[in-house]
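Below is the file data-v9.txt, which contains compact mmCIF, C-alpha atoms.
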```txt
# COMPACT_ATOMS: atom_id res chain seq x y z
CA MET N 1 -58.94 -121.29 35.96
CA SER N 2 -55.41 -122.68 35.71
CA VAL N 3 -55.62 -126.13 34.11
CA ARG N 4 -51.84 -126.29 34.36
CA HIS N 5 -51.85 -126.06 38.15
CA ALA N 6 -54.94 -128.22 38.56
CA LEU N 7 -53.08 -130.99 36.69
CA LEU N 8 -50.02 -130.50 38.89
CA ALA N 9 -52.29 -130.84 41.95
CA LEU N 10 -53.73 -134.11 40.64
CA LEU N 11 -50.24 -135.43 39.87
CA SER N 12 -49.10 -134.54 43.40
CA GLU N 13 -51.28 -137.49 44.51
CA GLY N 14 -49.24 -139.90 42.36
CA PRO N 15 -48.48 -140.77 38.72
CA LYS N 16 -51.43 -140.61 36.35
CA TYR N 17 -52.16 -140.80 32.63
CA GLY N 18 -53.90 -138.21 30.47
CA LEU N 19 -57.47 -139.54 30.29
CA GLN N 20 -57.40 -140.30 34.00
CA LEU N 21 -56.35 -136.68 34.68
CA ARG N 22 -59.22 -135.37 32.56
CA ASN N 23 -61.77 -137.53 34.41
CA GLU N 24 -60.43 -136.65 37.86
CA PHE N 25 -60.31 -132.93 36.99
CA GLU N 26 -63.99 -132.95 36.00
CA ALA N 27 -65.02 -134.97 39.06
CA LYS N 28 -63.11 -132.71 41.45
CA THR N 29 -64.67 -129.56 40.03
CA GLY N 30 -68.16 -130.98 40.44
CA ASP N 31 -68.45 -131.67 36.65
CA VAL N 32 -68.93 -127.95 36.19
CA TRP N 33 -65.83 -127.23 34.08
CA PRO N 34 -65.63 -129.65 31.16
CA LEU N 35 -62.10 -130.26 29.91
CA ASN N 36 -61.05 -131.37 26.45
CA VAL N 37 -58.65 -134.32 26.54
CA GLY N 38 -56.55 -132.60 23.82
CA GLN N 39 -56.09 -129.64 26.16
CA VAL N 40 -54.89 -132.04 28.86
CA TYR N 41 -52.17 -133.49 26.60
CA THR N 42 -51.08 -130.06 25.31
CA THR N 43 -50.77 -128.81 28.89
CA LEU N 44 -48.86 -131.93 29.94
CA GLN N 45 -46.39 -131.40 27.08
CA ARG N 46 -45.76 -127.84 28.25
CA LEU N 47 -45.37 -128.96 31.86
CA GLU N 48 -42.86 -131.56 30.72
CA ARG N 49 -40.98 -128.98 28.60
CA ASP N 50 -40.74 -126.73 31.71
CA GLY N 51 -39.44 -129.58 33.88
CA LEU N 52 -42.51 -129.61 36.14
CA VAL N 53 -43.56 -133.16 35.20
CA VAL N 54 -41.83 -136.17 33.65
CA SER N 55 -43.36 -139.02 31.70
CA ASP N 56 -42.30 -142.63 31.80
CA GLY N 57 -43.96 -143.85 28.63
CA GLU N 58 -40.87 -143.68 26.43
CA GLY N 59 -39.63 -146.92 24.96
CA GLU N 60 -42.73 -148.85 25.99
CA GLU N 61 -44.92 -150.75 23.57
CA ALA N 62 -47.29 -148.80 21.33
CA GLY N 63 -50.71 -148.05 22.76
CA ALA N 64 -49.60 -148.27 26.38
CA GLN N 65 -50.79 -145.48 28.69
CA LYS N 66 -48.14 -142.86 29.26
CA ASP N 67 -47.79 -142.09 32.96
CA PHE N 68 -46.92 -138.59 34.12
CA ARG N 69 -45.38 -137.77 37.49
CA ILE N 70 -44.70 -134.45 39.19
CA THR N 71 -41.09 -133.32 39.74
CA GLU N 72 -39.70 -131.48 42.79
CA LEU N 73 -39.73 -128.28 40.76
CA GLY N 74 -43.40 -128.99 39.94
CA GLU N 75 -44.24 -129.43 43.63
CA ARG N 76 -42.61 -126.10 44.47
CA GLU N 77 -44.46 -124.40 41.61
CA LEU N 78 -47.77 -125.86 42.85
CA GLU N 79 -47.24 -124.66 46.41
CA THR N 80 -46.26 -121.16 45.28
CA TRP N 81 -49.34 -120.96 43.04
CA LEU N 82 -51.72 -122.16 45.79
CA ARG N 83 -50.47 -119.46 48.17
CA THR N 84 -50.40 -116.62 45.65
CA PRO N 85 -53.67 -114.66 45.60
CA PRO N 86 -54.85 -113.64 42.14
CA ASP N 87 -54.22 -110.02 41.19
CA LEU N 88 -57.44 -108.23 42.05
CA SER N 89 -55.88 -104.83 42.74
CA ALA N 90 -57.24 -103.19 39.58
CA PRO N 91 -61.03 -103.10 39.13
CA PRO N 92 -62.09 -105.32 36.22
CA ARG N 93 -63.97 -103.77 33.31
CA ASP N 94 -67.27 -105.21 34.45
CA GLU N 95 -69.88 -105.39 31.72
CA VAL N 96 -72.87 -104.87 34.02
CA VAL N 97 -71.24 -101.81 35.63
CA MET N 98 -70.45 -100.41 32.18
CA LYS N 99 -74.01 -100.93 30.94
CA VAL N 100 -75.53 -99.18 33.96
CA LEU N 101 -73.09 -96.26 33.68
CA ILE N 102 -73.80 -95.90 29.96
CA ALA N 103 -77.58 -96.28 30.46
CA MET N 104 -77.53 -93.16 32.65
CA SER N 105 -76.43 -91.04 29.73
CA VAL N 106 -78.57 -92.53 26.95
CA ARG N 107 -81.65 -90.45 26.32
CA GLY N 108 -84.96 -92.30 26.57
CA VAL N 109 -83.49 -95.16 28.59
CA GLU N 110 -84.81 -95.62 32.13
CA VAL N 111 -81.70 -96.72 34.01
CA ARG N 112 -83.65 -98.32 36.87
CA GLU N 113 -85.41 -100.56 34.35
CA VAL N 114 -82.03 -101.54 32.92
CA ILE N 115 -80.92 -102.37 36.48
CA GLN N 116 -84.05 -104.50 37.00
CA ASP N 117 -83.46 -106.41 33.74
CA HIS N 118 -80.00 -107.36 34.96
CA ARG N 119 -81.22 -108.09 38.51
CA ARG N 120 -83.96 -110.43 37.27
CA TYR N 121 -81.54 -112.28 35.00
CA MET N 122 -79.00 -112.73 37.82
CA VAL N 123 -81.69 -114.01 40.21
CA GLU N 124 -82.90 -116.44 37.52
CA LEU N 125 -79.35 -117.74 37.13
CA MET N 126 -79.09 -118.13 40.91
CA GLN N 127 -82.39 -120.04 40.93
CA GLU N 128 -80.92 -122.45 38.38
CA TRP N 129 -77.77 -123.01 40.41
CA THR N 130 -79.77 -123.49 43.59
CA ARG N 131 -82.07 -125.91 41.77
CA LEU N 132 -79.05 -127.96 40.69
CA LYS N 133 -77.83 -127.98 44.28
CA SER N 134 -81.22 -128.91 45.74
CA HIS N 135 -81.87 -131.64 43.18
CA ASP N 136 -78.41 -133.05 43.48
CA GLY N 137 -78.78 -136.08 45.69
CA ARG N 138 -75.04 -136.72 45.88
CA ASP N 139 -73.18 -135.69 48.93
CA ASP N 140 -70.61 -133.94 46.76
CA LEU N 141 -68.55 -131.36 48.61
CA ASN N 142 -66.68 -130.21 45.48
CA PHE N 143 -69.91 -129.60 43.59
CA ALA N 144 -71.42 -127.69 46.54
CA LEU N 145 -68.31 -125.49 46.80
CA VAL N 146 -68.34 -124.68 43.07
CA VAL N 147 -72.07 -123.84 43.18
CA ASP N 148 -71.57 -121.70 46.30
CA ALA N 149 -68.80 -119.76 44.55
CA GLU N 150 -71.11 -119.05 41.63
CA LEU N 151 -74.00 -118.06 43.92
CA PHE N 152 -71.79 -115.66 45.89
CA ARG N 153 -70.42 -114.15 42.67
CA LEU N 154 -73.93 -113.52 41.30
CA ASP N 155 -75.11 -112.30 44.70
CA ALA N 156 -72.32 -109.69 44.69
CA VAL N 157 -73.53 -108.41 41.30
CA ILE N 158 -77.10 -108.17 42.63
CA ARG N 159 -75.94 -106.33 45.75
CA TRP N 160 -74.14 -103.83 43.56
CA LEU N 161 -77.29 -103.43 41.40
CA ASP N 162 -79.37 -102.87 44.58
CA ALA N 163 -76.90 -100.28 45.83
CA ALA N 164 -76.81 -98.55 42.43
CA ASP N 165 -80.63 -98.57 42.31
CA GLY N 166 -80.85 -96.95 45.76
CA ARG N 167 -78.15 -94.39 44.95
CA ILE N 168 -79.76 -93.40 41.66
CA ALA N 169 -83.20 -93.15 43.32
CA ARG N 170 -81.80 -90.74 45.93
CA PHE N 171 -79.65 -88.77 43.52
CA ASP N 172 -80.59 -85.12 43.31
CA PRO N 173 -78.98 -83.60 40.19
CA GLU N 174 -79.54 -80.05 41.52
CA ALA N 175 -77.83 -80.70 44.84
CA ASP N 176 -75.02 -82.69 43.28
CA ALA N 177 -74.34 -80.47 40.29
CA PRO N 178 -71.32 -78.59 41.71
CA ALA N 179 -69.69 -81.80 42.84
CA THR N 180 -69.97 -83.45 39.43
CA ALA N 181 -69.12 -80.35 37.41
CA THR N 182 -65.43 -80.73 38.13
CA PRO N 183 -64.01 -84.06 37.06
CA ARG N 184 -62.51 -85.78 40.03
CA ALA N 185 -59.22 -87.54 39.86
CA MET N 186 -59.72 -91.27 40.19
CA PRO N 187 -57.69 -92.88 42.92
CA TYR N 188 -55.42 -94.53 40.35
CA PRO N 189 -52.90 -95.89 39.98
CA LEU N 190 -53.87 -98.24 42.76
CA PRO N 191 -51.07 -99.93 44.62
CA ARG N 192 -50.33 -102.98 42.52
CA ARG N 193 -49.71 -106.09 44.53
CA THR N 194 -49.35 -108.80 42.00
CA ALA N 195 -48.47 -111.41 44.54
CA VAL N 196 -48.47 -111.97 48.25
CA ARG N 197 -45.88 -114.54 49.02
CA ARG N 198 -45.81 -116.27 52.36
CA MET K 1 -107.49 -125.34 41.20
CA THR K 2 -107.82 -122.96 44.15
CA ALA K 3 -104.70 -121.02 45.04
CA ALA K 4 -103.44 -121.37 48.62
CA LEU K 5 -103.13 -117.59 48.81
CA GLU K 6 -104.41 -114.81 46.60
CA LEU K 7 -104.13 -111.06 46.92
CA HIS K 8 -106.40 -109.08 44.59
CA ASP K 9 -105.74 -105.39 43.96
CA VAL K 10 -104.55 -104.83 47.52
CA PHE K 11 -103.83 -101.30 48.72
CA LYS K 12 -102.55 -100.44 52.19
CA THR K 13 -102.21 -96.87 53.37
CA PHE K 14 -101.01 -95.80 56.80
CA GLY K 15 -102.23 -92.40 58.00
CA ASP K 16 -104.02 -89.92 55.79
CA GLY K 17 -103.68 -86.53 54.14
CA PRO K 18 -100.28 -85.30 53.02
CA THR K 19 -98.44 -87.52 55.51
CA ALA K 20 -100.14 -90.73 54.33
CA VAL K 21 -97.78 -93.60 53.55
CA HIS K 22 -98.84 -95.84 50.69
CA ALA K 23 -97.23 -99.10 51.79
CA LEU K 24 -98.89 -101.28 49.15
CA ARG K 25 -100.32 -100.11 45.85
CA ASP K 26 -102.46 -102.38 43.72
CA VAL K 27 -100.73 -105.61 44.67
CA SER K 28 -102.03 -108.85 43.15
CA LEU K 29 -100.32 -112.14 43.86
CA SER K 30 -101.34 -115.77 43.64
CA VAL K 31 -99.47 -118.64 45.31
CA ALA K 32 -100.37 -122.24 44.45
CA ALA K 33 -100.25 -125.15 46.89
CA GLY K 34 -96.72 -126.51 46.95
CA GLU K 35 -95.26 -123.32 45.52
CA LEU K 36 -92.46 -121.35 47.15
CA VAL K 37 -92.57 -117.65 46.26
CA ALA K 38 -89.94 -115.16 47.37
CA VAL K 39 -90.66 -111.45 47.54
CA MET K 40 -87.53 -109.35 47.11
CA GLY K 41 -87.17 -105.65 47.57
CA PRO K 42 -85.24 -103.01 49.46
CA SER K 43 -86.04 -101.87 53.01
CA GLY K 44 -89.30 -99.94 53.12
CA SER K 45 -90.57 -101.38 49.83
CA GLY K 46 -93.64 -102.97 51.46
CA LYS K 47 -92.43 -106.58 51.81
CA THR K 48 -93.37 -107.02 55.47
CA THR K 49 -96.70 -105.21 55.03
CA LEU K 50 -97.51 -107.62 52.20
CA LEU K 51 -96.79 -110.53 54.52
CA THR K 52 -98.82 -109.23 57.47
CA ILE K 53 -101.81 -108.61 55.19
CA ALA K 54 -101.43 -112.03 53.54
CA GLY K 55 -101.43 -113.61 57.00
CA GLY K 56 -104.50 -111.75 58.24
CA LEU K 57 -102.50 -109.89 60.89
CA GLU K 58 -103.58 -106.62 59.28
CA ASP K 59 -106.46 -105.65 57.00
CA PRO K 60 -105.88 -104.09 53.60
CA THR K 61 -107.19 -100.55 53.02
CA SER K 62 -108.85 -101.94 49.90
CA GLY K 63 -108.66 -105.12 47.86
CA GLU K 64 -109.19 -108.70 48.94
CA VAL K 65 -107.15 -111.54 50.39
CA PHE K 66 -108.19 -115.15 49.80
CA VAL K 67 -106.72 -117.99 51.83
CA ASP K 68 -107.53 -121.36 50.33
CA GLY K 69 -110.24 -119.66 48.27
CA GLU K 70 -111.96 -117.96 51.22
CA PRO K 71 -112.10 -114.16 51.27
CA THR K 72 -110.73 -113.04 54.65
CA SER K 73 -112.74 -109.79 54.64
CA LYS K 74 -115.96 -111.82 54.94
CA MET K 75 -114.70 -113.73 57.97
CA SER K 76 -115.68 -112.97 61.55
CA ARG K 77 -112.84 -112.12 63.93
CA GLY K 78 -113.15 -115.56 65.49
CA HIS K 79 -113.05 -117.29 62.13
CA LYS K 80 -110.04 -115.25 61.08
CA SER K 81 -108.08 -116.04 64.20
CA GLN K 82 -108.94 -119.73 63.79
CA LEU K 83 -107.59 -119.50 60.23
CA ARG K 84 -104.38 -117.89 61.55
CA ARG K 85 -103.96 -120.63 64.16
CA ARG K 86 -104.92 -123.57 61.99
CA SER K 87 -103.88 -122.86 58.41
CA ILE K 88 -101.07 -120.31 58.50
CA GLY K 89 -97.61 -120.70 60.01
CA TYR K 90 -95.35 -117.71 60.60
CA VAL K 91 -91.57 -117.67 60.67
CA PHE K 92 -89.82 -114.53 61.88
CA GLN K 93 -86.22 -113.36 61.72
CA ASP K 94 -85.89 -113.49 65.52
CA TYR K 95 -87.59 -116.93 65.77
CA ASN K 96 -90.24 -115.79 68.33
CA LEU K 97 -89.95 -118.99 70.37
CA LEU K 98 -91.22 -118.76 73.91
CA ALA K 99 -88.21 -118.85 76.23
CA GLY K 100 -89.89 -120.75 79.07
CA LEU K 101 -91.05 -123.63 76.87
CA SER K 102 -89.02 -126.52 75.44
CA ALA K 103 -88.72 -126.98 71.66
CA LEU K 104 -91.46 -129.64 71.78
CA GLU K 105 -93.78 -127.42 73.85
CA ASN K 106 -93.20 -124.49 71.49
CA VAL K 107 -94.26 -126.62 68.53
CA SER K 108 -97.25 -128.28 70.22
CA LEU K 109 -98.57 -125.01 71.70
CA PRO K 110 -100.46 -123.76 68.60
CA LEU K 111 -102.26 -127.11 68.36
CA GLU K 112 -103.18 -127.06 72.03
CA LEU K 113 -104.42 -123.48 71.71
CA ASP K 114 -106.60 -124.74 68.89
CA GLY K 115 -108.21 -127.34 71.17
CA VAL K 116 -106.13 -130.42 70.34
CA SER K 117 -105.53 -132.39 73.53
CA SER K 118 -102.03 -132.62 74.90
CA LYS K 119 -101.00 -136.13 73.84
CA PRO K 120 -101.95 -135.99 70.13
CA ALA K 121 -100.55 -132.45 69.97
CA ARG K 122 -97.21 -133.70 71.26
CA ILE K 123 -97.16 -136.61 68.81
CA LYS K 124 -97.74 -134.18 65.91
CA ALA K 125 -95.10 -131.82 67.31
CA GLN K 126 -92.57 -134.64 67.49
CA ALA K 127 -93.29 -135.53 63.85
CA ALA K 128 -92.78 -131.89 62.83
CA LEU K 129 -89.48 -131.66 64.74
CA ASP K 130 -88.39 -134.88 63.08
CA ASN K 131 -89.23 -133.44 59.63
CA PHE K 132 -86.70 -130.68 60.21
CA SER K 133 -84.04 -132.85 61.89
CA VAL K 134 -84.40 -131.35 65.38
CA LEU K 135 -86.27 -134.14 67.16
CA ASP K 136 -83.19 -134.76 69.29
CA LYS K 137 -83.57 -131.18 70.59
CA ALA K 138 -87.20 -131.69 71.70
CA ASP K 139 -86.46 -131.19 75.41
CA LYS K 140 -84.07 -128.27 74.95
CA PHE K 141 -85.06 -124.70 75.73
CA PRO K 142 -84.53 -122.00 73.08
CA ASP K 143 -81.43 -120.61 74.84
CA GLU K 144 -79.84 -124.08 74.64
CA LEU K 145 -80.19 -124.18 70.84
CA SER K 146 -78.02 -122.65 68.10
CA GLY K 147 -79.55 -120.02 65.81
CA GLY K 148 -80.02 -122.57 63.02
CA GLU K 149 -81.69 -125.06 65.38
CA ARG K 150 -84.02 -122.38 66.78
CA GLN K 151 -85.12 -121.45 63.28
CA ARG K 152 -85.73 -125.10 62.34
CA VAL K 153 -87.89 -125.43 65.49
CA ALA K 154 -89.73 -122.27 64.39
CA ILE K 155 -90.34 -123.81 60.95
CA ALA K 156 -91.57 -127.02 62.62
CA ARG K 157 -94.00 -124.85 64.61
CA ALA K 158 -95.08 -123.08 61.42
CA THR K 159 -95.88 -126.34 59.64
CA VAL K 160 -97.25 -128.49 62.49
CA GLY K 161 -100.75 -129.91 62.08
CA GLU K 162 -102.73 -128.99 59.01
CA ARG K 163 -100.99 -125.73 58.10
CA GLN K 164 -101.07 -125.09 54.40
CA LEU K 165 -99.35 -121.73 54.19
CA ILE K 166 -96.00 -120.59 55.59
CA LEU K 167 -95.25 -116.87 55.72
CA ALA K 168 -91.63 -116.09 56.51
CA ASP K 169 -90.07 -112.67 57.11
CA GLU K 170 -86.29 -112.69 56.56
CA PRO K 171 -86.20 -116.18 58.10
CA SER K 172 -82.43 -116.45 58.17
CA GLY K 173 -81.45 -112.85 58.72
CA ALA K 174 -79.09 -113.46 61.63
CA LEU K 175 -77.68 -116.80 60.50
CA ASP K 176 -74.45 -117.61 58.68
CA SER K 177 -74.81 -118.74 55.08
CA VAL K 178 -74.65 -122.50 55.75
CA ASN K 179 -77.38 -122.29 58.44
CA ALA K 180 -79.37 -119.89 56.25
CA GLU K 181 -79.28 -122.50 53.50
CA SER K 182 -80.55 -125.20 55.85
CA VAL K 183 -83.50 -122.96 56.82
CA MET K 184 -84.41 -122.37 53.16
CA ARG K 185 -83.94 -126.08 52.43
CA ALA K 186 -86.42 -126.82 55.25
CA ILE K 187 -89.02 -124.44 53.80
CA HIS K 188 -88.34 -125.85 50.31
CA ASP K 189 -88.89 -129.39 51.65
CA ALA K 190 -92.17 -128.35 53.31
CA CYS K 191 -93.34 -127.00 49.93
CA LYS K 192 -92.49 -130.30 48.25
CA GLN K 193 -94.99 -131.86 50.65
CA GLY K 194 -97.69 -129.49 49.36
CA VAL K 195 -97.41 -126.47 51.66
CA ALA K 196 -97.41 -123.04 49.99
CA ALA K 197 -94.85 -120.51 51.23
CA VAL K 198 -94.09 -116.83 50.83
CA VAL K 199 -90.67 -115.70 51.99
CA VAL K 200 -89.81 -112.02 52.01
CA THR K 201 -86.14 -111.19 51.89
CA HIS K 202 -83.60 -108.80 50.46
CA ASP K 203 -81.10 -111.67 50.12
CA ALA K 204 -80.88 -113.15 46.61
CA LYS K 205 -79.22 -116.33 47.89
CA LEU K 206 -82.34 -117.08 49.95
CA ALA K 207 -84.72 -115.96 47.22
CA SER K 208 -83.03 -118.31 44.76
CA TRP K 209 -84.62 -121.27 46.57
CA ALA K 210 -88.02 -120.07 45.39
CA ASP K 211 -89.94 -121.36 42.38
CA ARG K 212 -90.76 -117.75 41.57
CA VAL K 213 -89.22 -114.49 42.75
CA VAL K 214 -91.42 -111.40 42.82
CA PHE K 215 -89.78 -107.96 42.94
CA ILE K 216 -91.45 -105.18 44.89
CA ARG K 217 -90.55 -101.49 44.89
CA ASP K 218 -92.36 -98.55 46.47
CA GLY K 219 -95.28 -100.80 47.41
CA LYS K 220 -95.81 -102.12 43.86
CA ILE K 221 -94.94 -105.46 42.34
CA MET K 222 -92.84 -104.49 39.36
CA ASP K 223 -91.45 -107.73 37.99
CA GLU K 224 -90.97 -111.45 38.56
CA THR K 225 -88.65 -114.21 37.45
CA HIS K 226 -89.68 -116.71 34.81
CA PRO K 227 -88.91 -120.40 34.91
CA PRO K 228 -86.44 -121.62 32.26
CA SER K 229 -88.01 -122.63 28.93
CA SER K 230 -86.84 -126.17 29.66
CA PRO K 231 -85.06 -127.46 32.76
CA GLU K 232 -82.28 -128.82 30.53
CA ALA K 233 -81.73 -125.38 28.97
CA PHE K 234 -79.40 -124.40 31.77
CA VAL K 235 -76.00 -125.91 31.31
CA ALA K 236 -73.52 -125.25 34.01
CA HIS K 237 -70.51 -123.87 32.18
CA PRO K 238 -69.74 -120.72 34.14
CA ALA K 239 -66.06 -120.03 33.72
CA GLN K 240 -65.63 -118.70 30.21
```

Represent the supplied structure as C-alpha cells.
Amino acid sequence: MSVRHALLALLSEGPKYGLQLRNEFEAKTGDVWPLNVGQVYTTLQRLERDGLVVSDGEGEEAGAQKDFRITELGERELETWLRTPPDLSAPPRDEVVMKVLIAMSVRGVEVREVIQDHRRYMVELMQEWTRLKSHDGRDDLNFALVVDAELFRLDAVIRWLDAADGRIARFDPEADAPATATPRAMPYPLPRRTAVRR
Amino acid sequence: MTAALELHDVFKTFGDGPTAVHALRDVSLSVAAGELVAVMGPSGSGKTTLLTIAGGLEDPTSGEVFVDGEPTSKMSRGHKSQLRRRSIGYVFQDYNLLAGLSALENVSLPLELDGVSSKPARIKAQAALDNFSVLDKADKFPDELSGGERQRVAIARATVGERQLILADEPSGALDSVNAESVMRAIHDACKQGVAAVVVTHDAKLASWADRVVFIRDGKIMDETHPPSSPEAFVAHPAQ
C-alpha cells in the first residue's frame, strides 16, 4: 500500500492539511487501513523534498493549519503510478505454500490435515469479512471494494489448497517416481516486467 | 429447542458388492431454525446426496432424518410429499423455473398444489417476490429475466408460505460474483426471519455467508468452522 501515492491522489482534489488527509485516507479505504498522523506528516515532508507537493504554511501565525498542494511533477508521478501494474512476475514466497510443501516431507504429519487446518482458518476469516459486509448498513462503495479484494485474495488461497488436496490425493508415488527422481529445472528466471507503461 | 433439520448417523450406499459407492458415511448434522449452514467439499464428496436425503428426495441406506423434530422414515409417502411441498424449499443451480409460467405463477404454484386457492396463493407469492426485490418482475416469464433475477424468483418460490427449511445446491453456480452475492444475501435474509438453510457449494465466497461451514470429504463430515470467541475479536487490519 503506497501511502505516498494515496496522499498525492487526495491532494489532486485540492489543497489539504495533514489531519484532513489522514481522515480522508481512512474514509476512502473503508476504515480498513488505519493511518498514523505522524506517518502522514513524515510522508508529506518527503513529498515536499522531492518536489511533488508544496506547502503554504510558511510565515503564517503559529498553530495555523499548514496546507499542502500537489505540483505538476506530483500529478505526473501520480498518473504514472496509477497506470503501472505492481511487479508480480516472480512468485512470492507464500507461507501457506511453503508449509504445505514442507508438511509433505515431515514424518508423522498428515499433509491433508495440515491443508484442512489452513482451509478452515481461511474460511473463518472470509466469514468474518462477509459478516462485516452484511452487517454494514452503510452504502459504502469503498468499503465493499476493500472487503471484496480481501475475500478474493483468501478465496484464491482456498482454491490453491483445494487443488493441492486433490493433487495429493491422486498422487501415486510408484507411478510418479521416475519423473521426480531427476530434479527438473524450474522455469526461472521468469521474464521480468517491472513496469508496463502506457 | 427442536432443530429444523437433523441427520443422525446417515449412511447412503449406491449399488452393492465390490462396485458399491459409499456416498455418505456416518453423517450427523443439526441445523437450528434461523441458521444458515454451508456444506463445502470437492466434486463427488457427497454434498448433493446429503442435500437430497435431507430434503426427503431420497432415503438413507441407514440412519435417520428429522425435519422439525419428525423422523421422515416413519412418515407415509403422502405425508412425506406434503412435508416436501409445505415445509421445504429447494433452490437449484439451474433455477428449475417452469418456462411457460410467469414469475408470480412459478412462486404461487407450490401453494396451489398444496390446496391453497388461487387468490390467497397469489397474494403470498407477491409478498415473497417483494421480499427478494423482484415484485416488479411478477408478470415476466423466466426467459425475460436475468440469471440473478431468475434465482431470486427461485428463492421466493423456496420460501413462499410456511416453508421453514431451504435446501440449495450451488445456488449461484452460473452467476457472476455480484449476482452470486445477491443470491446469498437473499438466503441470509430469509434465515434472519427464522428459516433454516443448508447451502452446498465448493465456492468459499458463497460459504462465507453461512453461520457455520461444514467440510465434507469422501462422504464424511471431517471438520467445521467455529464462530469467533467474541464478535469484536476480529479487527480488520489486513495489509501488514

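Taking only C-alpha atoms into account, the residues near (-41.6, -129.8, 40.2), no farther than 10 Å, are N:Leu8, N:Ser12, N:Leu47, N:Glu48, N:Asp50, N:Gly51, N:Leu52, N:Val53, N:Val54, N:Arg69, N:Ile70, N:Thr71, N:Glu72, N:Leu73, N:Gly74, N:Glu75, N:Arg76, N:Glu77, N:Leu78, N:Glu79.
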
With C-alpha atoms retained, could you export that selection as an mmCIF file, in the coordinates of the input?
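Below is the file that was written, out06.cif:
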```
data_model
loop_
_atom_site.group_PDB
_atom_site.id
_atom_site.type_symbol
_atom_site.label_atom_id
_atom_site.label_comp_id
_atom_site.auth_asym_id
_atom_site.auth_seq_id
_atom_site.Cartn_x
_atom_site.Cartn_y
_atom_site.Cartn_z
ATOM 1 C CA LEU N 8 -50.020 -130.500 38.890
ATOM 2 C CA SER N 12 -49.100 -134.540 43.400
ATOM 3 C CA LEU N 47 -45.370 -128.960 31.860
ATOM 4 C CA GLU N 48 -42.860 -131.560 30.720
ATOM 5 C CA ASP N 50 -40.740 -126.730 31.710
ATOM 6 C CA GLY N 51 -39.440 -129.580 33.880
ATOM 7 C CA LEU N 52 -42.510 -129.610 36.140
ATOM 8 C CA VAL N 53 -43.560 -133.160 35.200
ATOM 9 C CA VAL N 54 -41.830 -136.170 33.650
ATOM 10 C CA ARG N 69 -45.380 -137.770 37.490
ATOM 11 C CA ILE N 70 -44.700 -134.450 39.190
ATOM 12 C CA THR N 71 -41.090 -133.320 39.740
ATOM 13 C CA GLU N 72 -39.700 -131.480 42.790
ATOM 14 C CA LEU N 73 -39.730 -128.280 40.760
ATOM 15 C CA GLY N 74 -43.400 -128.990 39.940
ATOM 16 C CA GLU N 75 -44.240 -129.430 43.630
ATOM 17 C CA ARG N 76 -42.610 -126.100 44.470
ATOM 18 C CA GLU N 77 -44.460 -124.400 41.610
ATOM 19 C CA LEU N 78 -47.770 -125.860 42.850
ATOM 20 C CA GLU N 79 -47.240 -124.660 46.410
#
```

* Proximal residues of chain N relative to chain K (all atoms listed in the file; 7 Å) as a ChimeraX atom specification -> /N:32-33,120,123-124,126-127,130,151,155

* Place a sphere of radius 9 Å on (-103.0, -95.9, 48.3) in the file coordinates and name every protein, DNA or RNA residue with an atom inside or on its surface, counting only C-alpha atoms; give the answer as a ChimeraX atom specification. => /K:11-14,20-26,61-62

* Any idea what the distance is between atom CA of N:Arg159 and atom CA of K:Thr52? -> 25.9 Å

* To do: Determine, counting all atoms listed in the file, which protein, DNA and RNA residues have an atom within 12 Å of an atom of K:Gly55; residues of the same chain fewer than 3 positions away are not included. Present the result as a PyMOL selection string.
  => chain K and resi 4-7+48-52+58-60+65-68+72+80-91+164-169+197-198

May I have the selected residues written with C-alpha atoms, as a compact mmCIF listing (two decimals), in the frame of the given file?
```txt
# COMPACT_ATOMS: atom_id res chain seq x y z
CA ALA K 4 -103.44 -121.37 48.62
CA LEU K 5 -103.13 -117.59 48.81
CA GLU K 6 -104.41 -114.81 46.60
CA LEU K 7 -104.13 -111.06 46.92
CA THR K 48 -93.37 -107.02 55.47
CA THR K 49 -96.70 -105.21 55.03
CA LEU K 50 -97.51 -107.62 52.20
CA LEU K 51 -96.79 -110.53 54.52
CA THR K 52 -98.82 -109.23 57.47
CA GLU K 58 -103.58 -106.62 59.28
CA ASP K 59 -106.46 -105.65 57.00
CA PRO K 60 -105.88 -104.09 53.60
CA VAL K 65 -107.15 -111.54 50.39
CA PHE K 66 -108.19 -115.15 49.80
CA VAL K 67 -106.72 -117.99 51.83
CA ASP K 68 -107.53 -121.36 50.33
CA THR K 72 -110.73 -113.04 54.65
CA LYS K 80 -110.04 -115.25 61.08
CA SER K 81 -108.08 -116.04 64.20
CA GLN K 82 -108.94 -119.73 63.79
CA LEU K 83 -107.59 -119.50 60.23
CA ARG K 84 -104.38 -117.89 61.55
CA ARG K 85 -103.96 -120.63 64.16
CA ARG K 86 -104.92 -123.57 61.99
CA SER K 87 -103.88 -122.86 58.41
CA ILE K 88 -101.07 -120.31 58.50
CA GLY K 89 -97.61 -120.70 60.01
CA TYR K 90 -95.35 -117.71 60.60
CA VAL K 91 -91.57 -117.67 60.67
CA GLN K 164 -101.07 -125.09 54.40
CA LEU K 165 -99.35 -121.73 54.19
CA ILE K 166 -96.00 -120.59 55.59
CA LEU K 167 -95.25 -116.87 55.72
CA ALA K 168 -91.63 -116.09 56.51
CA ASP K 169 -90.07 -112.67 57.11
CA ALA K 197 -94.85 -120.51 51.23
CA VAL K 198 -94.09 -116.83 50.83
```

Padded axis-aligned box of stretch 112-127 of chain N (6 Å per side), centre and edge lengths, Å, one decimal, as lines of an AutoDock Vina configuration file:
```
center_x = -82.2
center_y = -109.2
center_z = 36.9
size_x = 18.4
size_y = 33.7
size_z = 20.0
```

* Asked: Which one is closest to N:Val97: N:Trp160, N:Phe171, N:Trp81, N:Phe25? Count all atoms listed in the file.
  -> N:Trp160

* **Which residue of K:Gly148, K:Glu35, K:Val153, K:Asp9 approaches K:Val195 most closely, using only C-alpha atoms** => K:Glu35
